[in-house]
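Trainee: Handing over start-v5.txt, compact mmCIF, C-alpha atoms.
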```txt
# COMPACT_ATOMS: atom_id res chain seq x y z
CA MET A 12 5.70 -7.24 -30.16
CA GLY A 13 7.49 -3.88 -30.38
CA SER A 14 10.30 -2.97 -28.00
CA GLN A 15 8.20 -0.19 -26.46
CA ASN A 16 5.37 -2.66 -25.79
CA MET A 17 7.84 -5.16 -24.31
CA HIS A 18 9.27 -2.40 -22.11
CA TYR A 19 5.75 -1.60 -20.83
CA TRP A 20 5.11 -5.26 -19.90
CA ARG A 21 8.51 -5.51 -18.21
CA ARG A 22 7.72 -2.41 -16.16
CA SER A 23 4.28 -3.87 -15.31
CA PHE A 24 5.96 -7.07 -14.15
CA TRP A 25 8.34 -5.08 -11.92
CA ALA A 26 5.44 -3.08 -10.52
CA LEU A 27 3.76 -6.37 -9.56
CA VAL A 28 6.97 -7.74 -8.03
CA GLY A 29 7.39 -4.45 -6.17
CA VAL A 30 3.87 -4.64 -4.75
CA ALA A 31 4.50 -8.27 -3.70
CA VAL A 32 7.76 -7.33 -1.93
CA LEU A 33 6.07 -4.29 -0.34
CA GLY A 34 3.24 -6.56 0.83
CA PHE A 35 5.71 -9.08 2.24
CA GLY A 36 7.53 -6.30 4.11
CA SER A 37 4.25 -5.01 5.49
CA ALA A 38 3.30 -8.53 6.59
CA VAL A 39 6.65 -8.89 8.41
CA LEU A 40 5.97 -5.61 10.22
CA ARG A 41 2.42 -6.68 11.02
CA VAL A 42 3.36 -10.10 12.38
CA ALA A 43 6.21 -8.56 14.42
CA GLN A 44 3.64 -6.17 15.91
CA VAL A 45 5.83 -3.13 15.23
CA GLY A 46 3.33 -1.16 13.13
CA VAL A 47 2.48 -0.66 9.49
CA ASP A 48 1.80 2.38 7.30
CA PRO A 49 -1.26 4.52 8.20
CA TYR A 50 -3.44 3.34 5.30
CA THR A 51 -2.81 -0.34 6.00
CA ALA A 52 -3.26 0.16 9.74
CA ALA A 53 -6.66 1.81 9.19
CA ASN A 54 -7.67 -0.93 6.75
CA ILE A 55 -6.64 -3.68 9.19
CA GLY A 56 -8.65 -2.06 11.99
CA ILE A 57 -11.75 -1.44 9.90
CA SER A 58 -11.65 -4.87 8.21
CA ASN A 59 -11.35 -6.59 11.60
CA THR A 60 -14.22 -4.50 12.99
CA ILE A 61 -16.61 -5.30 10.15
CA GLY A 62 -15.47 -8.92 9.76
CA LEU A 63 -14.10 -8.68 6.22
CA ASP A 64 -10.69 -10.02 5.23
CA LEU A 65 -7.98 -7.38 4.72
CA GLY A 66 -7.47 -8.00 1.00
CA THR A 67 -11.14 -7.58 0.16
CA TYR A 68 -11.62 -4.56 2.41
CA GLN A 69 -8.50 -2.83 1.08
CA LEU A 70 -9.65 -3.47 -2.50
CA ILE A 71 -13.05 -1.91 -1.69
CA SER A 72 -11.38 1.02 0.09
CA ASN A 73 -9.08 1.60 -2.89
CA ALA A 74 -12.03 1.40 -5.30
CA VAL A 75 -13.81 4.12 -3.31
CA LEU A 76 -10.67 6.29 -3.31
CA LEU A 77 -10.26 5.70 -7.05
CA ILE A 78 -13.53 7.56 -7.75
CA PRO A 79 -12.24 11.08 -6.88
CA VAL A 80 -8.86 10.20 -8.42
CA PHE A 81 -10.64 9.30 -11.66
CA PHE A 82 -12.47 12.63 -11.75
CA PHE A 83 -9.81 15.00 -10.40
CA GLY A 84 -6.48 13.37 -11.16
CA ARG A 85 -6.84 10.89 -13.98
CA ALA A 86 -3.17 11.47 -14.90
CA TYR A 87 -2.18 9.64 -11.70
CA ILE A 88 -3.92 6.42 -12.79
CA GLY A 89 -2.17 3.66 -14.70
CA ILE A 90 -1.79 -0.10 -14.73
CA GLY A 91 0.43 0.26 -11.65
CA SER A 92 -2.49 1.88 -9.83
CA ILE A 93 -4.63 -1.16 -10.55
CA ILE A 94 -1.88 -3.62 -9.57
CA ASN A 95 -1.37 -1.82 -6.26
CA MET A 96 -5.08 -1.30 -5.67
CA VAL A 97 -6.01 -4.94 -6.22
CA MET A 98 -2.99 -6.83 -4.89
CA THR A 99 -1.44 -5.03 -1.90
CA GLY A 100 -4.05 -5.99 0.70
CA TYR A 101 -4.14 -9.59 -0.50
CA PHE A 102 -0.34 -9.88 -0.44
CA ILE A 103 -0.26 -8.54 3.13
CA GLN A 104 -3.06 -10.93 4.11
CA TRP A 105 -1.44 -13.98 2.45
CA PHE A 106 2.08 -13.30 3.70
CA SER A 107 0.78 -12.58 7.22
CA ALA A 108 -0.98 -15.96 7.23
CA LEU A 109 2.26 -17.67 6.14
CA LEU A 110 4.42 -15.86 8.69
CA SER A 111 2.10 -15.93 11.73
CA PRO A 112 2.72 -19.59 12.64
CA LEU A 113 6.49 -18.96 12.54
CA ILE A 114 6.52 -16.03 14.96
CA PRO A 115 5.55 -16.22 18.65
CA SER A 116 2.30 -14.41 19.46
CA GLU A 117 4.33 -12.28 21.90
CA PRO A 118 7.65 -11.71 20.09
CA THR A 119 10.64 -10.59 22.15
CA ARG A 120 12.12 -7.13 21.63
CA LEU A 121 15.07 -8.73 19.83
CA VAL A 122 12.75 -10.59 17.43
CA GLN A 123 10.75 -7.40 16.90
CA THR A 124 13.89 -5.38 16.20
CA VAL A 125 15.23 -7.90 13.67
CA MET A 126 11.84 -8.22 12.00
CA PHE A 127 11.41 -4.45 11.94
CA LEU A 128 14.72 -4.07 10.10
CA ILE A 129 13.81 -6.82 7.64
CA GLY A 130 10.23 -5.59 7.18
CA ILE A 131 11.07 -1.92 6.65
CA THR A 132 13.85 -2.86 4.20
CA LEU A 133 11.48 -5.06 2.19
CA PHE A 134 8.72 -2.45 2.32
CA ALA A 135 11.06 0.28 1.05
CA ALA A 136 12.58 -1.95 -1.64
CA GLY A 137 9.12 -2.99 -2.86
CA ALA A 138 7.87 0.60 -2.87
CA SER A 139 10.97 1.61 -4.82
CA MET A 140 10.41 -1.11 -7.45
CA TYR A 141 6.75 -0.20 -7.76
CA MET A 142 7.41 3.54 -8.00
CA THR A 143 10.37 3.16 -10.37
CA ALA A 144 8.07 1.38 -12.83
CA ALA A 145 6.22 4.74 -13.02
CA LEU A 146 2.91 3.21 -14.09
CA GLY A 147 0.54 5.16 -11.84
CA ASN A 148 -0.06 5.84 -8.17
CA ALA A 149 -2.08 3.81 -5.73
CA PRO A 150 -5.40 5.61 -5.11
CA TYR A 151 -4.34 6.50 -1.53
CA ASP A 152 -1.03 7.90 -2.78
CA ALA A 153 -2.74 9.95 -5.51
CA ILE A 154 -4.98 11.88 -3.09
CA ALA A 155 -2.29 14.23 -1.71
CA PRO A 156 -0.86 15.26 -5.11
CA ILE A 157 -4.38 15.89 -6.41
CA ILE A 158 -5.13 18.16 -3.44
CA VAL A 159 -1.81 19.94 -4.04
CA ASP A 160 -2.65 20.35 -7.75
CA HIS A 161 -5.97 21.99 -6.91
CA THR A 162 -4.98 24.04 -3.84
CA HIS A 163 -1.23 24.67 -4.24
CA LEU A 164 -0.71 23.76 -0.58
CA PRO A 165 2.69 22.24 0.20
CA TYR A 166 2.78 18.49 -0.54
CA ARG A 167 4.32 17.55 2.81
CA VAL A 168 1.57 19.40 4.73
CA VAL A 169 -1.18 17.67 2.75
CA ARG A 170 0.45 14.23 2.96
CA VAL A 171 1.14 14.50 6.70
CA ALA A 172 -2.48 15.58 7.29
CA GLN A 173 -3.73 12.66 5.17
CA ASP A 174 -1.53 10.17 7.02
CA LEU A 175 -2.52 11.59 10.41
CA ALA A 176 -6.19 11.25 9.48
CA PHE A 177 -5.62 7.57 8.70
CA VAL A 178 -3.61 7.08 11.91
CA GLY A 179 -6.70 8.49 13.66
CA LEU A 180 -8.89 5.97 11.84
CA ALA A 181 -6.49 3.17 12.76
CA LEU A 182 -6.60 4.18 16.43
CA ALA A 183 -10.39 4.51 16.37
CA PHE A 184 -10.69 0.97 14.97
CA HIS A 185 -7.94 -0.50 17.16
```
Please express what this file holds, its structure, as structure tokens.
Mentor:
Amino acid sequence: MGSQNMHYWRRSFWALVGVAVLGFGSAVLRVAQVGVDPYTAANIGISNTIGLDLGTYQLISNAVLLIPVFFFGRAYIGIGSIINMVMTGYFIQWFSALLSPLIPSEPTRLVQTVMFLIGITLFAAGASMYMTAALGNAPYDAIAPIIVDHTHLPYRVVRVAQDLAFVGLALAFH
């Protein structure tokens, strides 16, 4: 196996580890009841409403989002996109199930604060590992740059609008 091929597999491994750490951080935030990112929040609400587990619903949601990404921003797709698309929701689901019995159903503010700090640190570290691997964007994360590429609107405006739309979905689905 050539060194370039080995480097690719090492980066793929770190993308997977990053997604696992990100998922664990998100699960900590979820179990602490301090909030998660807009996309996950919307997926939790919708999956609960329709009676589908989070991992499966998030995979379906990502598959739907992958369709326009495939046609309008194929350059944003890579093995990292697939790793994130398939695994993030399941990692959040699995880690939440492991953590839930350990945390009171009504955590104190102190517990929430400590868990928030742990969860956000893990989430950011996992996202950093995943992004540093540079093997493609998650379908949700590819939408804003694709819109920017085709409209030349400022990225932050597009991304904030996208995130607000998903916060709206999360609120609509509790």
Trainee: Considering only C-alpha atoms, return as a PyMOL selection string whatever protein or nucleic-acid residues lie within 7 Å of region 19-31 of chain A, sequence-local ones (same chain, fewer than 4 positions apart) excluded.
Mentor: chain A and resi 15+35+91+94-95+99+102+137-138+140-141+144
Trainee: Check the smallest atom-to-atom distance from each of A:Met96, A:Ala181, A:Ala86, A:Ile78 to Asn54 (chain A) using all atoms listed in the file, then report the winner.
Mentor: A:Ala181
Trainee: Name the residues in contact with region 57-63 of chain A at a cut-off of 10 Å, using only C-alpha atoms, excluding same-chain residues fewer than 4 positions from it; report them as a list in words.
Mentor: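 Returned residues: Thr51, Ala52, Ala53, Thr67, Tyr68, Gln69, Leu180, Ala181, Ala183, Phe184 and His185 of chain A.
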Trainee: Tell me which protein, DNA and RNA residues are within 10 Å of Leu76 (chain A), counting only C-alpha atoms, leaving out same-chain ones fewer than 5 positions away, and put them as a list of chain:residue names.
Mentor: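 With the cut-off at 10 Å, the set is A:Leu70, A:Ile71, A:Phe81, A:Met96, A:Ala149, A:Pro150, A:Tyr151, A:Asp152, A:Ala153, A:Ile154.
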Trainee: Take CA of Ile55 (chain A) and CA of Pro112 (chain A) and report the distance between them in Å, one decimal.
Mentor: 18.8 Å
Trainee: Between A:Thr162, A:Asn148, A:Gln44, A:Ser111, which has the minimum distance to Thr124 (chain A) (counting all atoms listed in the file)?
Mentor: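 The shortest atom-to-atom distance to Thr124 (chain A) comes from A:Gln44.
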Trainee: Using CA of Asp160 (chain A) and CA of Leu175 (chain A) as the two end points, give the distance in Å to one decimal.
Mentor: 20.2 Å
Trainee: Contacts of Thr119 (chain A) at 12 Å or less, counting only C-alpha atoms, minus same-chain residues fewer than 6 places along, as a PyMOL selection string?
Mentor: chain A and resi 43-45+125-127
Trainee: Centre and edge lengths, as lines of an AutoDock Vina configuration file, for the axis-aligned box enclosing every listed atom of region 118-131 of chain A with 5 Å of padding on each of the six sides, in Å to one decimal?
Mentor:
```
center_x = 11.4
center_y = -6.8
center_z = 14.4
size_x = 17.6
size_y = 19.8
size_z = 25.5
```
Trainee: Considering all atoms listed in the file, return as a list of chain:residue names whatever protein or nucleic-acid residues lie within 12 Å of Pro79 (chain A), sequence-local ones (same chain, fewer than 4 positions apart) excluded.
Mentor: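 Within the cut-off, the hits are A:Asn73, A:Ala74, A:Val75, A:Phe83, A:Gly84, A:Arg85, A:Tyr87, A:Ile88, A:Pro150, A:Tyr151, A:Ala153, A:Ile154, A:Ala155, A:Ile157, A:Ile158.
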Trainee: Do you have the CA of Phe177 (chain A)-CA of Gly56 (chain A) distance handy?
Mentor: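 These two atoms are separated by 10.6 Å.
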Trainee: For Ser92 (chain A), which residue out of A:Val32, A:Ala136, A:Ala145, A:Leu40 is the nearest one, using only C-alpha atoms?
Mentor: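 Looking only at the distances to Ser92 (chain A), the closest residue turns out to be A:Ala145.
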Trainee: When distances are computed from only C-alpha atoms, which of A:Pro165, A:Gly46, A:Gly100, A:Gly89 shows the smallest separation from Ser72 (chain A)?
Mentor: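 Closest to Ser72 (chain A) of all the choices is A:Gly100.
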Trainee: I need the residue nearest Asp48 (chain A) from this list: A:Ile131, A:Leu65, A:Met142, A:Val168. Use all atoms listed in the file for the distance.
Mentor: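 The answer is A:Ile131, which sits nearest to Asp48 (chain A).
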